[in-house]
Each structure stands twice: as structure tokens, then as C-alpha cells.
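Novice: Shown below is the structure under consideration.
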Amino acid sequence: MKKGILKPNINLKLSLPPPDEVSKFLTRSGTFMDGDLLVNRYGVRTVSQSESEAPPPIKPTDNQLNLADIDAIKVIGKGSGGIVQLVQHKWTGQFFALKMNIDANARKAIAQELKINQSSQCPYVVMCYQSFYDNGAISIILEYMDGGSFADLLRKVKTIPEPYLAAICKQVLKGLLYLHHEKHIIHRDLKPSNLLLNHRGEVKITDFGVSAIMASTSGQANTFIGTYNYMSPERIIGGRYGYKSDIWSLGLVLLECATGQFPYSPPQKDEGWVNVYELMEAVVEQPQPCAPSDQFSPEFCSFISSCVQKDPKDRLSANELMTHPFVNMYDDLHIDLSSYFTNSGSPLANLNI
């Protein structure tokens with residue numbers, strides 16, 4: 001296998017063909033098309049407006065990963081639309097995560113994820129290497145983050161000490177800074193299970209199935225999609241929202257990691273929330289959550305407060321939060337996230353779990 005097989009597609013320019021042109025390709029045998037994306041068993045590419053009738057098919061090249069060249073190891077994740085498998089490339093031995101979606105109803109979401117993955121190149125966003133459509137399934141070969149997610153980590157450690165949270169926070173902010181200010185993307189589903197880690201101490205954002213691509217850095221959206229628990233108040237009430245809705249979610253995630261519990265407690269703690277509407281009402285009506293001042297530094301408490309202001313105009317942006325005192329206050333300690341993640345008991349490439 002030639003060198004360069006693991007390089008992602010980075011020379012894609014997104015363009016949207018007219019709706020009538022798109023509809024011609026939706027039912028092509030062995031090919032999936034949604035908007036500007038054409039996907040078949042050999043990979044994914046964009047379709048330009050100049051291509052009429054049928055765009056030329058995608059053909060295999062020497063530097064492409066191929067589904068025939070990977071071995072499935074085990075299922076490492078399940079969702080409503082499909083599964084995520086740990087796979088290994090037969091010739092290089094490298095591990096990848098293979099996200100497979102067989103639910104036709106979820107194609108819009110995975111097409112959106114493809115568009116974002118194919119155009120994103122950032123050390124703080126999970127890398128997409130190749131995508132396929134074969135036998136009715138859409139598959140995406142992603143970078144394998146061997147430490148699992150922060151949801152996995154919290155099940156092991158219960159809480160994350162503040163110095164480590166600062167180092168984690170810095171990486172997530174860099175990812176959000178890239179998505180918001182360079183790619184004009186609102187993630188819309190930031191939560192512990194969508195923040196992945198690896199044995200090198202890296203933290204990366206994943207899962208762009210419900211993300212929104214905005215026209216500019218001042219863009220706003222008003223669709224109601226994503227995970228309710230971490231949804232900002234302006235989204236819950238159906239109002240217009242922007243990039244700062246992700247900042248609200250970041251604040252809740254960090255507060256949960258610090259305290260070991262979701263920031264909004266149900267009326268009956270032993271019974272949990274009766275339904276999602278009660279939770280949503282609490283987010284809108286109750287005072288914003290805060291970090292206990294007797295347990296955490298003033299800098300951390302201030303950072304959380306800057307994230308979870310109910311009025312998005314009062315929240316700081318990712319760019320502004322990068323200069324917040326909390327983000328760099330533990331730099332002198334030279335925090336080693338690699339050792340922390342390894343010693344925490346998270347998966348870290350253990351194939352026997």
C-alpha cells in the first residue's frame with residue numbers, strides 16, 4: 001500500500017447544485033447523494049454546479065482506504081441511526097472508528113456530518129479519513145480516539161480535578177474557536193459523549209450530525225435539534241440562536257465534570273426527571289447554575305458563570321473565553337493529561353473490554 005493512504009480528503013470545495021438536479025441522483029443505484037455530496041463504495045466527493053445530468057462516478061485511487069481492507073474488531077458505540085465499530089486496517093495495522101448508518105431517515109444528519117467532516121481540518125476536531133455508501137449503508141472512517149468519551153471517563157472517575165479541567169477546557173475552546181470563527185459552524189450537540197480523548201492527552205470534538213453551517217460569523221439559526229439536557233435557554237424557547245448556544249453547553253459539561261452531577265437537579269432527586277419538558281422548563285425558569293464557591297477557585301466559578309448566562313448577549317464567545325484567567329491559571333503545573341487519562345481506567349486501546 002502506498003504512503004499517504006491515511007491522508008484525509010482536504011481539497012473539497014462545497015457547492016450546491018439546483019434542487020431539480022439533486023433529485024435526479026437520489027435514487028441512483030449504489031450511489032447516495034444529498035445536496036453537494038456524492039458518495040459510493042469508493043468514497044465521497046463534492047458535485048459542482050457545472051456537472052449536469054449524471055456526475056462522473058467516483059473511482060478508487062491508490063491512496064484511498066477501502067472497506068475491503070479493514071477488519072471489524074468490536075462495536076464501541078450505538079445510536080439511534082447506527083453503530084460505531086473499532087476496525088483495523090489489514091496492511092498498516094492502524095485502528096480506526098467506523099461509523100455505520102443504515103437508517104434512511106437519518107441520512108440528512110449523516111450527510112450534514114459528511115459535509116462538515118470533509119471540510120474540517122483541526123487538531124481539536126476528530127479527523128474523517130474516508131466515507132462510503134454501499135449496500136444501503138453510509139460508512140464514515142474516523143480517527144480512533146482510544147480513551148473513549150468524557151461520558152465514559154466520568155463513569156470511572158466521577159469528578160475531574162480543576163487543574164485537569166483547565167487543560168481540557170483549553171482544547172475544547174480551541175475546537176470551538178475553529179468551528180465558530182473559521183468554519184461558521186454551530187455544533188448544537190456538545191455533551192460529554194461528544195468529547196473524545198486519547199492516550200496522548202488530546203481532547204477532540206466529534207459528531208456533527210445535527211450541526212448547522214452558518215453563512216457568516218454573525219449567523220443565527222432557529223431549528224430545534226440536539227440533546228435537550230445541554231440545550232441553551234434560547235434554543236429551548238424556540239428563539240434564534242448563534243454560536244454562543246455551544247458556549248452554554250460547554251459550561252454545563254464542565255460543571256458536570258467538576259461536580260460529578262448534571263447541573264440541573266430534578267424536584268425528586270431519587271426519582272429523576274419525570275419527562276424532558278420538566279427539565280426544559282427548569283432550564284428556562286430556574287436561576288442559572290453555578291459552581292460552588294467553597295469547592296472551586298474564583299476563576300473557575302467565574303468561567304462557568306461566563307458560559308451559562310441566560311441571555312446569550314451576556315455570554316462570552318470562544319475567542320473571549322480563551323483569555324479568561326481560568327484557562328491558563330494552572331499552566332505552571334504542566335498538567336499531564338496523557339497520564340491522567342491513562343491512569344483513570346478509561347478504555348485506551350484495550351481490546352478486551
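Each chain in the C-alpha cells gets a letter, A, B and so on, in the order shown; residues start at 1 in every chain, and ligands are counted from 1 in the order they appear.
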Residues within 12 Å of range 197-201 of chain A, please, as a PyMOL selection string. Count only C-alpha atoms; anything in the same chain fewer than 3 positions from it doesn't count.
Specialist: chain A and resi 123-126+143-153+164+167-168+171-172+192-194+204-206+335-350
Novice: Mind checking which residues fall within 12 Å of Ser293 in chain A, counting only C-alpha atoms, ignoring those fewer than 6 positions away in the same chain, and posting them as a VMD selection string?
Specialist: chain A and resid 259 299 to 302 304 to 305
Novice: Could you please take those selected residues and save N, CA and C atoms as an mmCIF file, in the first residue's frame?
Specialist:
```
data_model
loop_
_atom_site.group_PDB
_atom_site.id
_atom_site.type_symbol
_atom_site.label_atom_id
_atom_site.label_comp_id
_atom_site.auth_asym_id
_atom_site.auth_seq_id
_atom_site.Cartn_x
_atom_site.Cartn_y
_atom_site.Cartn_z
ATOM 1 N N THR A 259 -18.341 18.602 39.282
ATOM 2 C CA THR A 259 -19.141 18.216 40.451
ATOM 3 C C THR A 259 -19.587 16.763 40.427
ATOM 4 N N GLU A 299 -11.722 31.713 39.883
ATOM 5 C CA GLU A 299 -11.537 31.741 38.422
ATOM 6 C C GLU A 299 -12.450 30.732 37.739
ATOM 7 N N PHE A 300 -12.544 29.529 38.310
ATOM 8 C CA PHE A 300 -13.415 28.519 37.711
ATOM 9 C C PHE A 300 -14.878 28.949 37.833
ATOM 10 N N CYS A 301 -15.248 29.448 38.983
ATOM 11 C CA CYS A 301 -16.635 29.898 39.183
ATOM 12 C C CYS A 301 -16.981 31.006 38.200
ATOM 13 N N SER A 302 -16.038 31.910 37.987
ATOM 14 C CA SER A 302 -16.254 32.998 37.044
ATOM 15 C C SER A 302 -16.376 32.479 35.614
ATOM 16 N N ILE A 304 -17.435 29.475 34.599
ATOM 17 C CA ILE A 304 -18.738 28.833 34.441
ATOM 18 C C ILE A 304 -19.831 29.885 34.311
ATOM 19 N N SER A 305 -19.774 30.910 35.142
ATOM 20 C CA SER A 305 -20.769 31.980 35.076
ATOM 21 C C SER A 305 -20.753 32.669 33.719
#
```
Novice: Calculated over only C-alpha atoms, which of the candidates A:Ala282, A:Leu195, A:Val276, A:Val308 has the smallest distance to Lys244 in chain A?
Specialist: A:Val308
Novice: With distances taken over only C-alpha atoms, which residue among A:Tyr228, A:Tyr330, A:Tyr178, A:Trp248 lies nearest Cys122 in chain A?
Specialist: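 Ranking A:Tyr228, A:Tyr330, A:Tyr178, A:Trp248 by distance to Cys122 in chain A, first place goes to A:Tyr178.
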Novice: Quick check for you: according to DSSP on this backbone, which residues of range 126-304 of chain A are classed as helix (DSSP H, G or I)? Reply as a PyMOL selection string.
Specialist: chain A and resi 150-157+162-182+192-194+228-230+233-236+244-259+276-285+298-304
Novice: Between CA of Lys191 in chain A and CA of Tyr129 in chain A, what is the distance, to one decimal in Å?
Specialist: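 A separation of 23.4 Å between them.
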Novice: Between A:Ser139, A:Thr323, A:Thr92, A:Gln286, which has the minimum distance to Pro267 in chain A (counting only C-alpha atoms)?
Specialist: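 Looking only at the distances to Pro267 in chain A, the closest residue turns out to be A:Gln286.
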Novice: Excluding Gly251 in chain A and its own-chain neighbours fewer than 3 positions away, which residues fall within 12 Å of it when counting only C-alpha atoms? Please give them as a PyMOL selection string.
Specialist: chain A and resi 165+169+172-173+190-192+230-232+244-248+254-258+262-263+288-291+300-310+315-318+321
Novice: Using DSSP secondary structure from the backbone, list all strand (DSSP E or B) positions within range 116-339 of chain A, as a list in words.
Specialist: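 Selection result, strand (DSSP E or B) within range 116-339 of chain A: Val125, Cys128, Tyr129, Gln130, Ser131, Phe132, Tyr133, Asp134, Ala137, Ile138, Ser139, Ile140, Ile141, Leu142, Glu143, Ser149, Ile185, Ile186, Leu195, Leu196, Leu197, Val203, Lys204, Ile205, Ala212, Ile213, Ala221 and Tyr241 of chain A.
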